[in-house]
Amino acid sequence: MKLKTFRRGVHPFGGKDITKDCEIRPLEAEDVMVFPLSQNLGAPSKPVVARGDRVLKGQVIAEAGGFIGAPIHSSVSGTVKAVEKRLVANGSKADCIVIENDGLDEAVEGFGDERKLEDMSREDIINAVKDAGIVGLGGAGFPTYVKLSPKNSADIDTIIINGAECEPYLTSDYRLMLEKPEELILGIQAILKLFHKKARAVIGIENNKPEAIKVMEQMARIDDRISVCPLKTKYPQGGERQLIYAVTKRKIHSKMLPADKGCIVDNVGTVFAIYEAVYKNMPLIHNVVTVTGEAVNKGANFDVPIGVNHKYVLEAAGGAKENALKFISGGPMMGIAMGSIDVPIIKTTSSILVYSHDEVADAIETNCIHCGRCVNACPQSLVPQMMGQAMKRQNVEEFGRLGGMECIECGSCAYVCPAKIPLTQMFKLGRIQLREQAAQNKK
């Protein structure tokens, strides 16, 4: 069978052998837990607790800051120590709620109560997802209830479950598919109930995960609306636009939503969170984090309570080797290089990656040689060479005319550039400036 894919892309070193056979292990909460208020795309959440308040596990400690927002729940019971600025993974300081864990693990009323899908209406399911504070766990953290409530819900015919996990080194989604396939199918069925009976779900999995394909195909047999689509292993196969094109051949651009083409896309981790919210009445208070890299003493996949520290999780895996030099929150292509690992795990944290070298810092930028490799690699069919030249001239308008907002910041162009030009960083800046200009013009 011919594997489905998209045009262009790159083939970075996979690195998944380090942790692909590591079963998910539960990790205990720390004595002090830190919850940043910015854990989703959109407005930061607003605290509803104050210093001295006692909170329970599963209790809302911050409400959504707007329509594009999500509440935050405590993953422990304890006492609020402070609402203050703390260092976060991107190197900035952000408002955080700090909770001292009392170790009692007392939960709010109804936490973990079993519910049946057949007893729930469409509104019940949406509210369960909204109240649980679920955001996209495979990307920028877009609030899931918004994604599942498109204005054209009757036109949605394809639910794509992103099991590609194309980012090198990461295996958290892979392990979820191997260890929690039944729960994932139940989560998919909950999503399908939101849409017309014509809607079908397709689980996209790269062919470097044959065991996951086998397990999910077997489990999908219980529902003829659910199927598995093997995908060619290529980066960024898990990008939303690339995944939609690979599965359906439908194209979308920056001014469109997947729903405009009849699609909804959710990551495997997000689907598991939906399962827990709908069937177990549990908010999003934990996620699976891969600890990996050549400079980790022992790779691992942990089920981590949100609010614990990156350093704590790394130490639970045996810590870093003496030659550890670079620490990344997330994967090597789209993750965040951390100046300090003394920062909290948030909803969208997928991995802690440790390198013994820093190719970015060691790279010596030279002049563009017009080789065209960036053009051949770009999954959006852009011309990164010209976009980069525009940004070097600080001509943001030209960057925009060249399709700057169509860039998905995947890093493919910078990865293949022999001149080591930091194209992705330049494009991130350009996109920020374009958004600021658009907002100013709107005002």
# chains A, B, ... in the order shown; residues from 1 in each chain; ligands from 1

$ residues_around --residues "range 386-392 of chain A" --least-positions-apart "5" --cutoff "8 Å" --atoms "only C-alpha atoms" --output "ChimeraX atom specification"
/A:398-399,402,404,423,426-427,430

$ residues_around --residues "Ala377 in chain A" --least-positions-apart "4" --cutoff "10 Å" --atoms "only C-alpha atoms" --output "JSON, numbers by chain"
{"A": [7, 8, 9, 10, 11, 235, 372, 373, 381, 382, 383, 384, 411, 412, 413, 414, 415, 416, 417]}

$ write_last_selection --atoms "N, CA, C and O atoms" --output "compact mmCIF listing (two decimals), in the first residue's frame"
# COMPACT_ATOMS: atom_id res chain seq x y z
N ARG A 7 3.98 17.10 0.25
CA ARG A 7 5.14 17.42 -0.58
C ARG A 7 6.26 18.02 0.25
O ARG A 7 6.03 18.75 1.20
N ARG A 8 7.49 17.72 -0.15
CA ARG A 8 8.71 18.25 0.47
C ARG A 8 8.88 17.73 1.89
O ARG A 8 8.49 16.62 2.20
N GLY A 9 9.49 18.53 2.78
CA GLY A 9 9.79 18.06 4.12
C GLY A 9 11.22 17.54 4.23
O GLY A 9 11.99 17.55 3.26
N VAL A 10 11.59 17.08 5.43
CA VAL A 10 12.96 16.63 5.70
C VAL A 10 12.94 15.32 6.49
O VAL A 10 11.89 14.89 6.98
N HIS A 11 14.11 14.74 6.64
CA HIS A 11 14.24 13.47 7.36
C HIS A 11 15.34 13.58 8.43
O HIS A 11 16.44 13.04 8.26
N TYR A 235 9.28 14.57 8.33
CA TYR A 235 8.99 15.76 9.13
C TYR A 235 8.63 16.92 8.21
O TYR A 235 9.29 17.10 7.19
N GLY A 372 19.15 26.48 -2.84
CA GLY A 372 17.76 26.07 -3.00
C GLY A 372 17.30 24.95 -2.10
O GLY A 372 16.17 24.47 -2.22
N ARG A 373 18.17 24.51 -1.18
CA ARG A 373 17.76 23.41 -0.30
C ARG A 373 16.57 23.79 0.57
O ARG A 373 15.70 22.97 0.86
N SER A 381 5.74 25.23 0.54
CA SER A 381 6.09 25.68 -0.82
C SER A 381 6.43 27.17 -0.86
O SER A 381 6.08 27.88 -1.82
N LEU A 382 7.12 27.63 0.17
CA LEU A 382 7.58 29.02 0.22
C LEU A 382 9.01 29.11 -0.31
O LEU A 382 9.63 28.09 -0.64
N VAL A 383 9.54 30.33 -0.35
CA VAL A 383 10.94 30.54 -0.75
C VAL A 383 11.67 31.16 0.43
O VAL A 383 11.83 32.39 0.51
N PRO A 384 12.11 30.34 1.38
CA PRO A 384 12.75 30.87 2.60
C PRO A 384 13.94 31.76 2.33
O PRO A 384 14.20 32.71 3.09
N GLY A 411 10.95 24.66 11.09
CA GLY A 411 12.41 24.57 11.19
C GLY A 411 13.07 23.77 10.09
O GLY A 411 14.30 23.59 10.09
N SER A 412 12.31 23.29 9.12
CA SER A 412 12.89 22.47 8.05
C SER A 412 13.93 23.24 7.25
O SER A 412 14.98 22.70 6.88
N CYS A 413 13.66 24.53 6.97
CA CYS A 413 14.58 25.33 6.16
C CYS A 413 15.92 25.52 6.87
O CYS A 413 16.99 25.35 6.27
N ALA A 414 15.85 25.86 8.15
CA ALA A 414 17.08 26.07 8.91
C ALA A 414 17.85 24.77 9.07
O ALA A 414 19.09 24.76 9.09
N TYR A 415 17.13 23.66 9.15
CA TYR A 415 17.76 22.35 9.33
C TYR A 415 18.65 21.98 8.14
O TYR A 415 19.74 21.42 8.31
N VAL A 416 18.20 22.33 6.92
CA VAL A 416 18.96 21.92 5.73
C VAL A 416 19.92 23.00 5.24
O VAL A 416 20.73 22.75 4.35
N CYS A 417 19.88 24.21 5.82
CA CYS A 417 20.68 25.32 5.31
C CYS A 417 22.18 25.10 5.54
O CYS A 417 22.64 25.06 6.69

$ residues_around --residues "Tyr279 in chain A" --least-positions-apart "4" --cutoff "7 Å" --atoms "only C-alpha atoms" --output "list in words"
Glu114, Arg115, Lys116, Leu117 and Tyr275 of chain A

$ write_last_selection --atoms "N, CA, C and O atoms" --output "PDB file, in the first residue's frame"
ATOM      1  N   GLU A 114     -17.522   7.859  37.216  1.00  0.00           N
ATOM      2  CA  GLU A 114     -17.782   7.254  35.914  1.00  0.00           C
ATOM      3  C   GLU A 114     -19.014   7.875  35.259  1.00  0.00           C
ATOM      4  O   GLU A 114     -20.014   8.150  35.923  1.00  0.00           O
ATOM      5  N   ARG A 115     -18.933   8.108  33.933  1.00  0.00           N
ATOM      6  CA  ARG A 115     -20.071   8.608  33.162  1.00  0.00           C
ATOM      7  C   ARG A 115     -20.195   7.798  31.881  1.00  0.00           C
ATOM      8  O   ARG A 115     -19.191   7.308  31.350  1.00  0.00           O
ATOM      9  N   LYS A 116     -21.402   7.675  31.372  1.00  0.00           N
ATOM     10  CA  LYS A 116     -21.645   6.929  30.138  1.00  0.00           C
ATOM     11  C   LYS A 116     -21.907   7.897  28.994  1.00  0.00           C
ATOM     12  O   LYS A 116     -22.682   8.843  29.140  1.00  0.00           O
ATOM     13  N   LEU A 117     -21.273   7.628  27.867  1.00  0.00           N
ATOM     14  CA  LEU A 117     -21.403   8.511  26.712  1.00  0.00           C
ATOM     15  C   LEU A 117     -22.845   8.597  26.234  1.00  0.00           C
ATOM     16  O   LEU A 117     -23.320   9.671  25.853  1.00  0.00           O
ATOM     17  N   TYR A 275     -11.064  11.714  26.748  1.00  0.00           N
ATOM     18  CA  TYR A 275     -11.610  10.493  27.366  1.00  0.00           C
ATOM     19  C   TYR A 275     -11.770  10.676  28.875  1.00  0.00           C
ATOM     20  O   TYR A 275     -12.828  10.378  29.447  1.00  0.00           O
TER      21      TYR A 275
END

$ residues_around --residues "Ile68 in chain A" --least-positions-apart "3" --cutoff "9 Å" --atoms "only C-alpha atoms" --output "PyMOL selection string"
chain A and resi 40-43+64-65+142-143+146

$ residues_around --residues "Asn323 in chain A" --least-positions-apart "3" --cutoff "9 Å" --atoms "only C-alpha atoms" --output "NGL selection string"
:A and (295 or 320 or 355-357)

$ write_last_selection --atoms "C-alpha atoms" --output "mmCIF file, in the first residue's frame"
data_model
loop_
_atom_site.group_PDB
_atom_site.id
_atom_site.type_symbol
_atom_site.label_atom_id
_atom_site.label_comp_id
_atom_site.auth_asym_id
_atom_site.auth_seq_id
_atom_site.Cartn_x
_atom_site.Cartn_y
_atom_site.Cartn_z
ATOM 1 C CA ALA A 295 23.048 13.164 27.458
ATOM 2 C CA ALA A 320 21.737 14.215 33.003
ATOM 3 C CA TYR A 355 22.098 17.174 24.347
ATOM 4 C CA SER A 356 25.844 16.947 24.926
ATOM 5 C CA HIS A 357 26.404 19.526 22.185
#

$ residues_around --residues "Glu118 in chain A" --least-positions-apart "5" --cutoff "12 Å" --atoms "only C-alpha atoms" --output "list in words"
Asp124, Ile125, Leu186, Gln189, Ala190, Lys193, Val278 and Tyr279 of chain A

$ residues_around --residues "range 212-215 of chain A" --least-positions-apart "2" --cutoff "12 Å" --atoms "only C-alpha atoms" --output "PyMOL selection string"
chain A and resi 20-21+163-165+171-182+184-185+202-210+217-221+227-231+268

$ closest_residue --among "A:Asp131, A:Glu406, A:Asp17, A:Glu315" --to "Gly69 in chain A" --atoms "only C-alpha atoms"
A:Asp131

$ select_by_dssp --residues "range 76-158 of chain A" --states "helix (DSSP H, G or I)" --output "PyMOL selection string"
chain A and resi 117-119+122-131+144-147+153-155

$ write_last_selection --atoms "N, CA and C atoms" --output "PDB file, in the first residue's frame"
ATOM      1  N   LEU A 117     -21.273   7.628  27.867  1.00  0.00           N
ATOM      2  CA  LEU A 117     -21.403   8.511  26.712  1.00  0.00           C
ATOM      3  C   LEU A 117     -22.845   8.597  26.234  1.00  0.00           C
ATOM      4  N   GLU A 118     -23.556   7.475  26.286  1.00  0.00           N
ATOM      5  CA  GLU A 118     -24.933   7.474  25.785  1.00  0.00           C
ATOM      6  C   GLU A 118     -25.865   8.360  26.615  1.00  0.00           C
ATOM      7  N   ASP A 119     -25.442   8.675  27.846  1.00  0.00           N
ATOM      8  CA  ASP A 119     -26.269   9.535  28.697  1.00  0.00           C
ATOM      9  C   ASP A 119     -25.946  11.019  28.509  1.00  0.00           C
ATOM     10  N   ARG A 122     -24.700  16.444  23.215  1.00  0.00           N
ATOM     11  CA  ARG A 122     -23.593  17.162  22.577  1.00  0.00           C
ATOM     12  C   ARG A 122     -23.114  18.296  23.475  1.00  0.00           C
ATOM     13  N   GLU A 123     -24.057  19.030  24.075  1.00  0.00           N
ATOM     14  CA  GLU A 123     -23.701  20.130  24.964  1.00  0.00           C
ATOM     15  C   GLU A 123     -22.961  19.633  26.201  1.00  0.00           C
ATOM     16  N   ASP A 124     -23.369  18.479  26.710  1.00  0.00           N
ATOM     17  CA  ASP A 124     -22.703  17.894  27.888  1.00  0.00           C
ATOM     18  C   ASP A 124     -21.233  17.589  27.582  1.00  0.00           C
ATOM     19  N   ILE A 125     -20.988  17.043  26.390  1.00  0.00           N
ATOM     20  CA  ILE A 125     -19.615  16.678  26.006  1.00  0.00           C
ATOM     21  C   ILE A 125     -18.756  17.926  25.849  1.00  0.00           C
ATOM     22  N   ILE A 126     -19.278  18.919  25.142  1.00  0.00           N
ATOM     23  CA  ILE A 126     -18.538  20.169  24.955  1.00  0.00           C
ATOM     24  C   ILE A 126     -18.225  20.802  26.311  1.00  0.00           C
ATOM     25  N   ASN A 127     -19.193  20.856  27.192  1.00  0.00           N
ATOM     26  CA  ASN A 127     -18.988  21.462  28.516  1.00  0.00           C
ATOM     27  C   ASN A 127     -17.973  20.676  29.332  1.00  0.00           C
ATOM     28  N   ALA A 128     -17.997  19.348  29.198  1.00  0.00           N
ATOM     29  CA  ALA A 128     -17.027  18.518  29.923  1.00  0.00           C
ATOM     30  C   ALA A 128     -15.607  18.846  29.474  1.00  0.00           C
ATOM     31  N   VAL A 129     -15.413  18.997  28.159  1.00  0.00           N
ATOM     32  CA  VAL A 129     -14.099  19.329  27.605  1.00  0.00           C
ATOM     33  C   VAL A 129     -13.694  20.740  28.018  1.00  0.00           C
ATOM     34  N   LYS A 130     -14.637  21.672  27.955  1.00  0.00           N
ATOM     35  CA  LYS A 130     -14.363  23.062  28.321  1.00  0.00           C
ATOM     36  C   LYS A 130     -14.005  23.179  29.795  1.00  0.00           C
ATOM     37  N   ASP A 131     -14.825  22.571  30.654  1.00  0.00           N
ATOM     38  CA  ASP A 131     -14.602  22.663  32.099  1.00  0.00           C
ATOM     39  C   ASP A 131     -13.314  21.969  32.533  1.00  0.00           C
ATOM     40  N   THR A 144      -9.446  23.204  23.275  1.00  0.00           N
ATOM     41  CA  THR A 144     -10.072  22.131  22.509  1.00  0.00           C
ATOM     42  C   THR A 144     -11.569  22.309  22.337  1.00  0.00           C
ATOM     43  N   TYR A 145     -12.241  22.866  23.333  1.00  0.00           N
ATOM     44  CA  TYR A 145     -13.689  23.017  23.211  1.00  0.00           C
ATOM     45  C   TYR A 145     -14.050  23.953  22.063  1.00  0.00           C
ATOM     46  N   VAL A 146     -13.188  24.945  21.796  1.00  0.00           N
ATOM     47  CA  VAL A 146     -13.423  25.866  20.677  1.00  0.00           C
ATOM     48  C   VAL A 146     -13.289  25.106  19.362  1.00  0.00           C
ATOM     49  N   LYS A 147     -12.258  24.280  19.275  1.00  0.00           N
ATOM     50  CA  LYS A 147     -12.031  23.495  18.059  1.00  0.00           C
ATOM     51  C   LYS A 147     -13.198  22.540  17.794  1.00  0.00           C
ATOM     52  N   SER A 153     -20.610  22.948  12.072  1.00  0.00           N
ATOM     53  CA  SER A 153     -20.458  21.581  12.575  1.00  0.00           C
ATOM     54  C   SER A 153     -21.110  20.543  11.658  1.00  0.00           C
ATOM     55  N   ALA A 154     -22.184  20.929  10.964  1.00  0.00           N
ATOM     56  CA  ALA A 154     -22.864  19.983  10.079  1.00  0.00           C
ATOM     57  C   ALA A 154     -22.007  19.627   8.867  1.00  0.00           C
ATOM     58  N   ASP A 155     -20.995  20.445   8.552  1.00  0.00           N
ATOM     59  CA  ASP A 155     -20.143  20.200   7.384  1.00  0.00           C
ATOM     60  C   ASP A 155     -18.906  19.361   7.709  1.00  0.00           C
TER      61      ASP A 155
END

$ closest_residue --among "A:Pro422, A:Gly112, A:Pro258, A:Gly307" --to "Leu27 in chain A" --atoms "only C-alpha atoms"
A:Gly307
